[in-house]
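Below: model.cif (mmCIF, C-alpha atoms)
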data_upload
loop_
_atom_site.label_atom_id
_atom_site.label_comp_id
_atom_site.auth_asym_id
_atom_site.auth_seq_id
_atom_site.Cartn_x
_atom_site.Cartn_y
_atom_site.Cartn_z
CA MET N 1 96.87 148.50 109.36
CA THR N 2 97.20 151.84 111.03
CA THR N 3 99.17 150.99 114.12
CA THR N 4 102.83 150.08 114.35
CA PRO N 5 102.86 146.44 115.41
CA THR N 6 105.18 145.33 118.17
CA PRO N 7 107.06 142.13 117.37
CA ASP N 8 104.77 139.90 119.40
CA ALA N 9 101.49 141.59 118.57
CA VAL N 10 99.00 139.46 116.70
CA THR N 11 97.06 141.61 114.29
CA PRO N 12 93.61 140.60 113.05
CA LEU N 13 95.08 139.95 109.62
CA GLN N 14 97.76 137.70 111.05
CA GLU N 15 95.13 135.86 113.06
CA ALA N 16 93.26 135.04 109.85
CA ASP N 17 96.52 133.82 108.30
CA GLU N 18 97.18 131.64 111.30
CA ARG N 19 93.75 130.05 111.01
CA VAL N 20 94.53 129.16 107.41
CA VAL N 21 97.96 127.77 108.33
CA LEU N 22 96.45 125.74 111.20
CA ALA N 23 94.02 124.16 108.74
CA GLU N 24 96.83 123.42 106.27
CA LEU N 25 99.05 121.99 108.99
CA THR N 26 96.21 119.77 110.24
CA GLU N 27 95.63 118.55 106.69
CA ALA N 28 99.36 117.80 106.29
CA LEU N 29 99.32 115.88 109.59
CA HIS N 30 96.54 113.63 108.31
CA ALA N 31 98.23 113.23 104.94
CA VAL N 32 101.69 112.18 106.10
CA LEU N 33 100.81 110.42 109.34
CA PRO N 34 97.60 108.52 108.67
CA GLU N 35 98.68 105.62 110.85
CA ILE N 36 98.61 107.58 114.09
CA GLY N 37 94.81 107.79 113.98
CA LEU N 38 94.25 111.51 114.47
CA GLU N 39 90.66 111.38 113.24
CA GLY N 40 89.12 111.67 116.67
CA THR N 41 91.68 114.11 118.06
CA PRO N 42 91.01 117.82 117.64
CA VAL N 43 94.13 119.76 116.62
CA THR N 44 94.23 123.24 118.14
CA MET N 45 96.91 125.87 118.64
CA ASP N 46 97.50 124.46 122.14
CA THR N 47 97.95 120.86 121.01
CA ARG N 48 101.46 119.57 121.62
CA PHE N 49 102.84 117.27 118.90
CA VAL N 50 104.68 114.85 121.16
CA GLU N 51 102.80 115.05 124.45
CA ASP N 52 99.24 115.21 123.08
CA LEU N 53 99.38 113.60 119.64
CA ASP N 54 102.04 111.06 120.67
CA LEU N 55 104.12 111.91 117.62
CA GLU N 56 107.73 110.81 117.58
CA SER N 57 110.28 113.52 116.91
CA ILE N 58 110.99 111.77 113.58
CA ASP N 59 107.32 112.33 112.65
CA LEU N 60 107.92 116.08 113.09
CA VAL N 61 110.66 115.86 110.47
CA THR N 62 108.29 114.08 108.09
CA LEU N 63 105.55 116.62 108.75
CA THR N 64 107.81 119.60 108.14
CA GLY N 65 109.13 117.91 105.00
CA GLU N 66 105.58 117.86 103.66
CA LEU N 67 104.96 121.44 104.77
CA GLY N 68 108.27 122.46 103.18
CA ARG N 69 107.04 121.13 99.85
CA ARG N 70 103.84 123.16 100.28
CA TYR N 71 105.43 126.47 101.30
CA GLY N 72 108.77 126.23 99.48
CA ASP N 73 111.74 128.42 100.26
CA ARG N 74 109.69 130.94 102.22
CA VAL N 75 109.77 128.65 105.26
CA ASP N 76 113.06 127.24 106.58
CA PHE N 77 112.20 124.43 109.00
CA PRO N 78 115.79 123.35 109.75
CA ALA N 79 116.48 126.96 110.84
CA PHE N 80 113.25 126.94 112.90
CA PHE N 81 114.29 123.78 114.73
CA ALA N 82 117.85 125.08 115.10
CA SER N 83 116.42 127.99 117.09
CA LEU N 84 114.85 125.57 119.61
CA GLU N 85 116.41 123.52 122.40
CA LEU N 86 115.67 119.79 122.34
CA THR N 87 113.40 120.17 125.36
CA GLU N 88 111.44 122.85 123.48
CA ILE N 89 111.04 120.52 120.50
CA ILE N 90 109.65 117.81 122.77
CA GLU N 91 107.18 120.37 124.19
CA LEU N 92 106.47 121.99 120.80
CA SER N 93 102.88 123.13 120.30
CA VAL N 94 101.00 123.32 117.01
CA GLY N 95 100.53 127.03 117.70
CA ARG N 96 104.24 127.75 117.89
CA MET N 97 104.83 126.16 114.51
CA VAL N 98 101.77 127.86 113.01
CA HIS N 99 102.99 131.20 114.33
CA TYR N 100 106.40 130.66 112.76
CA ILE N 101 104.95 129.65 109.38
CA ALA N 102 102.46 132.52 109.28
CA GLY N 103 105.23 134.96 110.21
CA ARG N 104 107.39 133.75 107.33
CA LEU N 105 104.52 133.80 104.83
CA GLY N 106 103.30 137.24 105.85
CA MET C 107 121.95 81.63 100.62
CA THR C 108 119.49 84.25 99.46
CA THR C 109 120.09 87.97 99.44
CA ALA C 110 117.31 89.74 101.30
CA ARG C 111 115.71 92.79 99.72
CA ARG C 112 117.06 96.03 101.14
CA PRO C 113 114.53 97.68 103.44
CA ARG C 114 113.09 101.05 102.44
CA LEU C 115 115.02 103.77 104.23
CA ASN C 116 113.73 107.18 105.29
CA ALA C 117 116.23 109.89 104.33
CA VAL C 118 116.28 113.67 104.67
CA ARG C 119 118.56 116.01 102.77
CA ILE C 120 119.09 119.69 103.65
CA GLY C 121 121.51 122.36 102.51
CA PRO C 122 122.39 123.71 99.09
CA PRO C 123 122.55 121.21 96.21
CA GLY C 124 126.09 120.98 94.92
CA GLY C 125 127.54 121.63 98.39
CA ASP C 126 130.25 119.46 99.86
CA PRO C 127 128.36 116.23 100.80
CA VAL C 128 128.22 115.09 104.43
CA VAL C 129 126.38 111.92 105.45
CA LEU C 130 125.28 111.58 109.07
CA VAL C 131 124.78 108.11 110.57
CA HIS C 132 122.88 107.74 113.86
CA GLY C 133 123.14 105.28 116.74
CA ILE C 134 121.34 102.06 117.62
CA ALA C 135 117.95 101.22 119.20
CA THR C 136 116.79 104.48 120.83
CA ASP C 137 118.12 106.67 118.02
CA ASN C 138 117.19 108.01 114.58
CA LEU C 139 118.06 110.88 112.26
CA THR C 140 116.50 113.48 114.57
CA SER C 141 119.65 113.29 116.73
CA TYR C 142 121.22 115.26 113.88
CA TYR C 143 118.22 117.08 112.41
CA PHE C 144 117.45 118.75 115.74
CA THR C 145 121.09 119.42 116.70
CA VAL C 146 124.03 119.95 114.34
CA ALA C 147 122.56 119.38 110.87
CA PRO C 148 121.01 122.86 110.35
CA ALA C 149 124.38 124.54 111.09
CA LEU C 150 126.18 122.22 108.65
CA ALA C 151 123.60 123.06 105.97
CA ALA C 152 123.83 126.78 106.74
CA ALA C 153 127.62 126.52 106.24
CA GLY C 154 126.99 125.28 102.69
CA HIS C 155 127.19 121.51 103.11
CA ASP C 156 124.90 119.11 101.30
CA VAL C 157 123.70 117.27 104.41
CA VAL C 158 122.19 113.78 104.14
CA MET C 159 120.60 112.03 107.13
CA TYR C 160 118.76 108.72 107.13
CA ASP C 161 117.04 106.35 109.53
CA GLN C 162 118.95 103.09 109.67
CA ARG C 163 116.97 99.85 109.15
CA GLY C 164 114.68 99.14 112.09
CA HIS C 165 114.82 102.77 113.25
CA GLY C 166 112.73 105.92 112.88
CA ARG C 167 110.51 105.79 109.80
CA SER C 168 112.59 103.23 107.92
CA GLU C 169 111.41 99.66 107.48
CA ARG C 170 111.96 97.20 110.31
CA PRO C 171 112.61 93.73 108.89
CA THR C 172 112.44 90.91 111.43
CA THR C 173 115.96 89.82 110.54
CA GLY C 174 119.12 91.16 108.86
CA TYR C 175 120.91 93.29 111.46
CA ARG C 176 124.55 92.28 111.10
CA LEU C 177 126.96 95.20 110.85
CA GLU C 178 127.45 94.51 107.13
CA ASP C 179 123.68 94.86 106.60
CA PHE C 180 123.80 98.39 108.04
CA THR C 181 126.99 99.18 106.10
CA GLY C 182 125.36 97.86 102.92
CA ASP C 183 122.45 100.25 103.48
CA LEU C 184 124.88 103.16 103.71
CA ALA C 185 126.60 102.00 100.50
CA ALA C 186 123.24 101.74 98.72
CA LEU C 187 122.26 105.21 99.94
CA LEU C 188 125.53 106.68 98.63
CA ASP C 189 125.15 104.79 95.33
CA GLY C 190 121.73 106.38 94.92
CA MET C 191 122.99 109.91 95.49
CA ASP C 192 123.65 112.26 92.58
CA THR C 193 127.06 113.28 93.96
CA THR C 194 130.38 112.12 92.65
CA GLY C 195 133.61 111.87 94.57
CA PRO C 196 134.26 111.02 98.19
CA VAL C 197 131.87 112.13 100.95
CA HIS C 198 132.46 113.17 104.53
CA LEU C 199 131.05 110.64 106.99
CA VAL C 200 129.84 111.49 110.48
CA GLY C 201 128.73 108.76 112.85
CA ASN C 202 127.35 108.85 116.37
CA SER C 203 127.85 105.85 118.65
CA PHE C 204 126.89 102.73 116.61
CA GLY C 205 126.61 105.04 113.57
CA GLY C 206 130.33 105.67 113.91
CA THR C 207 130.96 101.93 113.92
CA VAL C 208 128.98 101.70 110.66
CA ALA C 209 130.95 104.64 109.23
CA PHE C 210 134.26 103.01 110.24
CA ASP C 211 133.18 99.72 108.67
CA TYR C 212 132.18 101.51 105.45
CA ALA C 213 135.48 103.45 105.34
CA LEU C 214 137.48 100.25 105.85
CA ARG C 215 135.66 98.62 102.94
CA HIS C 216 135.59 101.68 100.63
CA PRO C 217 138.40 104.03 101.70
CA ASP C 218 138.47 105.68 98.26
CA ARG C 219 134.85 106.79 98.65
CA VAL C 220 135.35 108.64 101.95
CA ALA C 221 136.88 112.13 102.25
CA SER C 222 137.01 112.14 106.05
CA LEU C 223 135.42 110.44 109.03
CA LEU C 224 134.22 112.04 112.24
CA ALA C 225 133.04 109.59 114.88
CA VAL C 226 131.30 110.71 118.07
CA GLU C 227 131.36 108.26 120.98
CA SER C 228 132.09 105.32 118.70
CA GLU C 229 133.95 102.07 118.83
CA PRO C 230 135.56 100.56 115.75
CA PRO C 231 134.09 97.23 114.58
CA THR C 232 136.04 94.60 116.50
CA ALA C 233 135.04 91.16 117.79
CA ALA C 234 134.97 92.62 121.32
CA TRP C 235 132.65 95.41 120.18
CA ALA C 236 130.25 92.94 118.50
CA ALA C 237 130.08 90.75 121.62
CA LYS C 238 129.52 93.71 123.94
CA MET C 239 126.89 95.35 121.71
CA SER C 240 125.02 92.07 121.28
CA ALA C 241 124.93 91.53 125.04
CA LEU C 242 123.71 95.11 125.60
CA LEU C 243 120.88 94.66 123.08
CA ALA C 244 119.89 91.25 124.46
CA GLY C 245 119.99 92.59 128.03
CA SER C 246 117.82 95.58 127.12
CA ALA C 247 115.27 93.35 125.41
CA ARG C 248 115.15 91.05 128.45
CA ARG C 249 114.79 93.86 131.00
CA LEU C 250 112.00 95.48 128.97
CA ARG C 251 109.89 92.31 129.35
CA ASP C 252 109.52 93.29 133.00
CA GLY C 253 106.53 95.61 133.20
CA ARG C 254 108.27 97.71 135.85
CA ALA C 255 111.12 98.70 133.52
CA LEU C 256 109.46 101.55 131.63
CA PRO C 257 107.97 103.23 134.72
CA TRP C 258 111.41 102.99 136.34
CA ILE C 259 113.07 104.62 133.29
CA ASP C 260 110.36 107.31 133.38
CA ARG C 261 111.06 108.06 137.06
CA THR C 262 114.84 107.90 136.74
CA TYR C 263 115.57 109.46 133.34
CA GLY C 264 112.32 111.27 132.53
CA ARG C 265 109.35 110.85 130.24
CA HIS C 266 111.26 111.51 127.02
CA ALA C 267 113.79 108.75 127.75
CA ALA C 268 110.92 106.37 128.54
CA ARG C 269 109.24 107.31 125.27
CA LEU C 270 112.43 106.58 123.28
CA VAL C 271 112.82 103.19 124.94
CA ARG C 272 109.15 102.32 124.36
CA ARG C 273 109.61 103.10 120.64
CA ALA C 274 112.75 100.94 120.50
CA ARG C 275 111.02 97.93 122.06
CA PRO C 276 109.77 96.32 118.80
CA LEU C 277 113.29 96.44 117.32
CA LEU C 278 114.76 94.91 120.47
CA GLN C 279 112.07 92.28 121.09
CA GLU C 280 110.61 91.39 117.69
CA THR C 281 113.76 91.17 115.58
CA THR C 282 116.99 89.17 115.62
CA ILE C 283 119.15 92.27 116.12
CA ALA C 284 121.06 91.05 119.20
CA ALA C 285 122.01 87.70 117.65
CA ASP C 286 122.74 89.30 114.27
CA VAL C 287 125.14 91.92 115.65
CA ALA C 288 127.08 89.11 117.35
CA SER C 289 127.57 87.32 114.01
CA SER C 290 128.73 90.44 112.15
CA ARG C 291 131.65 90.17 109.76
CA ILE C 292 134.56 92.02 111.42
CA PRO C 293 137.29 93.67 109.34
CA ALA C 294 140.86 92.45 109.98
CA GLU C 295 142.78 94.74 112.29
CA HIS C 296 145.67 95.28 109.85
CA ARG C 297 143.25 97.21 107.64
CA TRP C 298 143.09 99.89 110.33
CA ARG C 299 146.77 100.63 109.86
CA GLU C 300 146.19 101.16 106.13
CA LEU C 301 143.18 103.45 106.48
CA ASP C 302 144.51 106.48 104.60
CA LEU C 303 141.99 109.15 105.47
CA PRO C 304 141.66 111.81 108.17
CA VAL C 305 139.71 110.63 111.22
CA LEU C 306 138.51 112.67 114.18
CA ALA C 307 137.15 110.72 117.15
CA VAL C 308 135.18 112.76 119.70
CA TYR C 309 134.26 111.45 123.16
CA GLY C 310 132.49 112.82 126.18
CA SER C 311 135.07 113.14 128.95
CA THR C 312 132.94 111.17 131.43
CA SER C 313 132.07 108.38 128.99
CA ASP C 314 133.43 104.89 129.58
CA LEU C 315 134.54 104.88 125.92
CA THR C 316 137.35 107.42 126.42
CA ALA C 317 139.84 104.52 126.54
CA MET C 318 139.17 104.16 122.81
CA ALA C 319 140.86 107.51 122.09
CA PRO C 320 144.53 106.48 122.60
CA ARG C 321 143.82 103.10 121.00
CA LEU C 322 142.48 104.71 117.80
CA GLU C 323 145.35 107.19 117.69
CA SER C 324 147.87 104.36 117.84
CA LEU C 325 146.02 102.15 115.32
CA LEU C 326 145.05 104.64 112.60
CA PRO C 327 147.62 106.44 110.45
CA ASP C 328 145.80 109.81 110.53
CA CYS C 329 143.61 110.10 113.64
CA ARG C 330 143.03 112.93 116.08
CA THR C 331 140.86 112.68 119.16
CA HIS C 332 138.99 115.25 121.20
CA LEU C 333 137.29 115.02 124.60
CA VAL C 334 134.28 117.25 125.36
CA PRO C 335 134.36 118.11 129.07
CA ASP C 336 131.50 117.27 131.43
CA HIS C 337 129.58 115.07 129.00
CA GLY C 338 129.12 111.34 128.63
CA HIS C 339 127.93 109.05 125.86
CA SER C 340 125.09 111.37 124.78
CA VAL C 341 127.41 114.32 124.08
CA LEU C 342 125.93 114.93 120.60
CA VAL C 343 122.47 115.80 121.92
CA GLY C 344 123.84 117.00 125.27
CA ASP C 345 126.18 119.63 123.86
CA PRO C 346 125.22 120.17 120.20
CA ARG C 347 126.91 123.57 120.01
CA THR C 348 130.34 122.26 120.95
CA VAL C 349 130.01 119.15 118.78
CA GLY C 350 128.61 121.24 115.89
CA THR C 351 131.57 123.62 116.05
CA LEU C 352 133.98 120.66 116.07
CA MET C 353 132.21 119.26 113.00
CA LEU C 354 132.33 122.54 111.07
CA ASP C 355 136.03 123.02 111.85
CA TRP C 356 136.73 119.41 111.00
CA LEU C 357 134.93 119.45 107.66
CA ARG C 358 137.03 122.40 106.55
CA ALA C 359 140.28 120.81 107.78
CA GLY C 360 139.42 117.28 106.64
CA HIS C 361 138.62 118.56 103.17
CA ARG C 362 141.96 120.38 102.92
CA GLN C 363 143.88 117.31 104.01
CA ARG C 364 142.13 115.13 101.47
CA THR C 365 142.80 117.59 98.67
CA LYS C 366 146.48 117.58 99.62
CA ALA C 367 146.57 113.80 99.84
CA VAL C 368 145.02 113.40 96.41
CA ARG C 369 147.48 115.84 94.83
CA VAL C 370 150.48 113.88 96.22
#

Can you dump the structure from the file as structure tokens?
Amino acid sequence: MTTTPTPDAVTPLQEADERVVLAELTEALHAVLPEIGLEGTPVTMDTRFVEDLDLESIDLVTLTGELGRRYGDRVDFPAFFASLELTEIIELSVGRMVHYIAGRLG
Amino acid sequence: MTTARRPRLNAVRIGPPGGDPVVLVHGIATDNLTSYYFTVAPALAAAGHDVVMYDQRGHGRSERPTTGYRLEDFTGDLAALLDGMDTTGPVHLVGNSFGGTVAFDYALRHPDRVASLLAVESEPPTAAWAAKMSALLAGSARRLRDGRALPWIDRTYGRHAARLVRRARPLLQETTIAADVASSRIPAEHRWRELDLPVLAVYGSTSDLTAMAPRLESLLPDCRTHLVPDHGHSVLVGDPRTVGTLMLDWLRAGHRQRTKAVRV
């Protein structure tokens, strides 16, 4: 990369990382929450966990537990959630979590 | 009489292994461990505590048996969870609402296994508590049979509140929880006066439970109370920063007191 990235800038490399993380997150969703019947529901960066997928907030804990096992110490989900207000957790999009994970892995 | 199998409980543990253990017990019906995981638990873990949260039977991602919801069933689950932990020595207990009642009940039965108890918006397990809680649960189950109830909750308290109530409906309507709570085994009141461990009882200043504060202070040998201004029964999720700071301060102080008590 030749330019100095600003904090919010998404570089092409980061975009590729985020696509990978989105795929891994989607896989983890299917693995830990098979009963919610996601098969027919496309999961995109804009998808909201609670509003669109009808996840309970407790399902988010289970999902991040699974992702925590995958990514290890590099990703600190309790700290991620601690940075959000409850209303933001209820509105949380897949993209926001993907962005956080990719940022920590990068 | 047969002893029912204990339901499988969903538990989450965060914070450094070997830290000072804190077990967080959530409230009844519309509650689960996320009331801690998304509020105060990360700060407790960041401060070095070994933080354990679990979904009580019938709640969250734990099993929901059709029967077995007396207070002693919930307390037995907490005992089994603590038995299964790799920690030795007494643990700090934190309970919110009904979770505080469970924590009180556990502490009254096993005072030597508890380092301190912090109860948020909780009532101790008394016959009056059991009757009131049972009536609340039965009333909620009855009102939810009216198809207009959920839309009304949605309009009045918002979509998230309606979602929580919708999720709680199977526990309220398909189990014996209301009748079971009423037939709970209640500890004798004299045991309160012998409860030799530090207790902090926190209430929201606008909650109708604030009358419990002076009562607990007069009953328990070592109890402080604290009112959080401008909050009601849901003070834990309503003001997690204030409650979290109280918890962190308390865990330091409660630990010191216990160490002193043990030395004497």

Go through the shown structure with the PyMOL selection byres ((chain N) within 7 of (chain C)) and write out the matching residues as an mmCIF file with C-alpha atoms, keeping the file's coordinate frame.
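Saved the output as part-v6.cif:
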data_model
loop_
_atom_site.group_PDB
_atom_site.id
_atom_site.type_symbol
_atom_site.label_atom_id
_atom_site.label_comp_id
_atom_site.auth_asym_id
_atom_site.auth_seq_id
_atom_site.Cartn_x
_atom_site.Cartn_y
_atom_site.Cartn_z
ATOM 1 C CA SER N 57 110.280 113.520 116.910
ATOM 2 C CA ILE N 58 110.990 111.770 113.580
ATOM 3 C CA PRO N 78 115.790 123.350 109.750
ATOM 4 C CA ALA N 79 116.480 126.960 110.840
ATOM 5 C CA PHE N 81 114.290 123.780 114.730
ATOM 6 C CA ALA N 82 117.850 125.080 115.100
ATOM 7 C CA LEU N 86 115.670 119.790 122.340
#

Take the PyMOL selection byres ((chain N and resi 55) around 12), apply it to the structure above, and return the hits as JSON, numbers by chain. {"N": [29, 32, 33, 34, 35, 36, 37, 38, 47, 48, 49, 50, 51, 52, 53, 54, 56, 57, 58, 59, 60, 61, 62, 63, 89, 90, 91, 92, 93, 94], "C": [166, 167, 266, 269, 270, 273]}

To one decimal place in Å, what is the distance between atom CA of Val128 of chain C and atom CA of Leu278 of chain C?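 Between atom CA of Val128 of chain C and atom CA of Leu278 of chain C the gap is 29.1 Å.
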
Pull out every residue that the PyMOL selection byres ((chain C and resi 124) around 9) matches in the shown coordinates and put them as a ChimeraX atom specification. /C:121-123,125-127,154-156,193

Please list as an MDAnalysis selection string every residue within 12 Å of segment 181-187 of chain C, counting only C-alpha atoms and excluding residues in the same chain fewer than 4 positions away. chainID C and resid 109:119 129:132 158:164 168:169 174:177 191:193 197 199:201 204:216 219:220 231 290:292

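The coordinates place atom CA of Val75 of chain N at 10.8 Å from atom CA of Gly106 of chain N.
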
Under the rule that all atoms listed in the file are counted, which of C:Ala267, C:Leu150, C:Met353, C:Ala284 is the nearest residue to Thr87 of chain N? C:Ala267

Please measure the separation of atom CA of Arg254 of chain C and atom CA of Gly338 of chain C, giving the value in Å to one decimal. 25.9 Å

What's the 9 Å shell around Ala237 of chain C, counting only C-alpha atoms, without same-chain residues fewer than 6 positions away, as a list in words?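 That gives Val287, Ala288 and Ser289 of chain C.
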